[in-house]
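The next block holds one structure in the form of structure tokens; read it before the comments.
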Amino acid sequence: MADTPHPLVERAREAALKAYAPYSGYSVGCAIESVDGEVVVGANMENACYRLGICAEISALTAARQAFGLDKVARIAVSGGHVGANGTLSGAGLVTPCGGCRQSILEAAQLTGVDVEVVAANGDGSEVRLLKISELIPLGFGPANLADADGAPG
């Protein structure tokens, strides 16, 4: 349980309140901090054609790319749950990135050269777990693995 609110988790929770989740009712927010301390946020956005939805982490990574570049991502916080009638986020379950988002975070980590910290939180921010992307996607395949490919970056 968190004694004091984690500032990046609070930003992720605020972002979740702006999610568009009419089908699942499960709002997720993500906040990304750069190596220079700049923060961007994103939220999930569902679609009636379910597979066209966008995860909060991808939304935030896209904002990070535009604001400061994927090669400057240092830390990512994710929180999610149900937005109640009173406009607050709740949910007991710890939120971690899905497999596809883990792959995208790994890409940023390999560009940065930093084992990006993932701050996973439950909906109300009372439970927080600090993880590294290498723990969430061990032996992950990313740009560093393409160093021997003809014409590949690296």
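Naming works like this for the structure tokens: A, B, ... for the chains as they're shown, residue 1 at the start of each chain, ligands 1 onward in shown order.
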Test item, strand (DSSP E or B) assignment across stretch 53-108 of chain A, answer as a PyMOL selection string: chain A and resi 54+73-83+89-90
Contacts of A:Ala121 at 7 Å or less, counting only C-alpha atoms, minus same-chain residues fewer than 3 places along, as a list in words? Val9, Val78, Ser79, Leu94, Val95, Gly125, Glu127, Val128 and Arg129 of chain A
Writer output for current selection, N, CA and C atoms, as a PDB file, in the first residue's frame:
```pdb
ATOM      1  N   VAL A   9       1.700   8.415 -10.687  1.00  0.00           N
ATOM      2  CA  VAL A   9       0.454   7.643 -10.618  1.00  0.00           C
ATOM      3  C   VAL A   9      -0.732   8.591 -10.588  1.00  0.00           C
ATOM      4  N   VAL A  78       0.926   3.481 -14.786  1.00  0.00           N
ATOM      5  CA  VAL A  78      -0.346   3.015 -15.327  1.00  0.00           C
ATOM      6  C   VAL A  78      -1.310   2.769 -14.174  1.00  0.00           C
ATOM      7  N   SER A  79      -2.532   3.245 -14.333  1.00  0.00           N
ATOM      8  CA  SER A  79      -3.575   3.036 -13.338  1.00  0.00           C
ATOM      9  C   SER A  79      -4.893   2.889 -14.073  1.00  0.00           C
ATOM     10  N   LEU A  94      -4.292  -4.322  -9.473  1.00  0.00           N
ATOM     11  CA  LEU A  94      -3.095  -3.646  -9.963  1.00  0.00           C
ATOM     12  C   LEU A  94      -3.116  -3.669 -11.489  1.00  0.00           C
ATOM     13  N   VAL A  95      -2.849  -2.553 -12.126  1.00  0.00           N
ATOM     14  CA  VAL A  95      -2.870  -2.465 -13.589  1.00  0.00           C
ATOM     15  C   VAL A  95      -1.442  -2.511 -14.118  1.00  0.00           C
ATOM     16  N   GLY A 125      -5.019   4.305  -6.476  1.00  0.00           N
ATOM     17  CA  GLY A 125      -3.632   4.667  -6.198  1.00  0.00           C
ATOM     18  C   GLY A 125      -3.120   4.207  -4.849  1.00  0.00           C
ATOM     19  N   GLU A 127      -2.421   1.105  -3.971  1.00  0.00           N
ATOM     20  CA  GLU A 127      -1.430   0.039  -4.137  1.00  0.00           C
ATOM     21  C   GLU A 127      -0.560   0.383  -5.345  1.00  0.00           C
ATOM     22  N   VAL A 128       0.745   0.403  -5.131  1.00  0.00           N
ATOM     23  CA  VAL A 128       1.701   0.743  -6.183  1.00  0.00           C
ATOM     24  C   VAL A 128       2.822  -0.271  -6.162  1.00  0.00           C
ATOM     25  N   ARG A 129       3.207  -0.725  -7.333  1.00  0.00           N
ATOM     26  CA  ARG A 129       4.338  -1.649  -7.442  1.00  0.00           C
ATOM     27  C   ARG A 129       5.288  -1.117  -8.506  1.00  0.00           C
TER      28      ARG A 129
END
```
I want to know what sits within 9 Å of stretch 25-40 of chain A, based on only C-alpha atoms, with residues of the same chain fewer than 3 positions away left out; could you give that as a PyMOL selection string? chain A and resi 8-22+43-45+55-61+63-64+67-83+89+95+123
Pick from A:Gln66, A:Gln103, A:Ser24, A:Thr88, whichever lies nearest to A:Asn47 using only C-alpha atoms: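 Using only C-alpha atoms, the shortest distance to A:Asn47 belongs to A:Ser24.
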Neighbour list for A:Glu107 as a PyMOL selection string, cut-off 12 Å, only C-alpha atoms, skip fewer than 5 positions in-chain: chain A and resi 58+61+65+69-73+100-102+112-116+133-134+137+140-146
Enumerate as a PyMOL selection string all residues of chain A assigned to helix (DSSP H, G or I) by DSSP on the backbone, naming them with the chain letters and numbers the document uses. chain A and resi 7-16+50-52+56-67+70-72+99-112+133-136+143-146
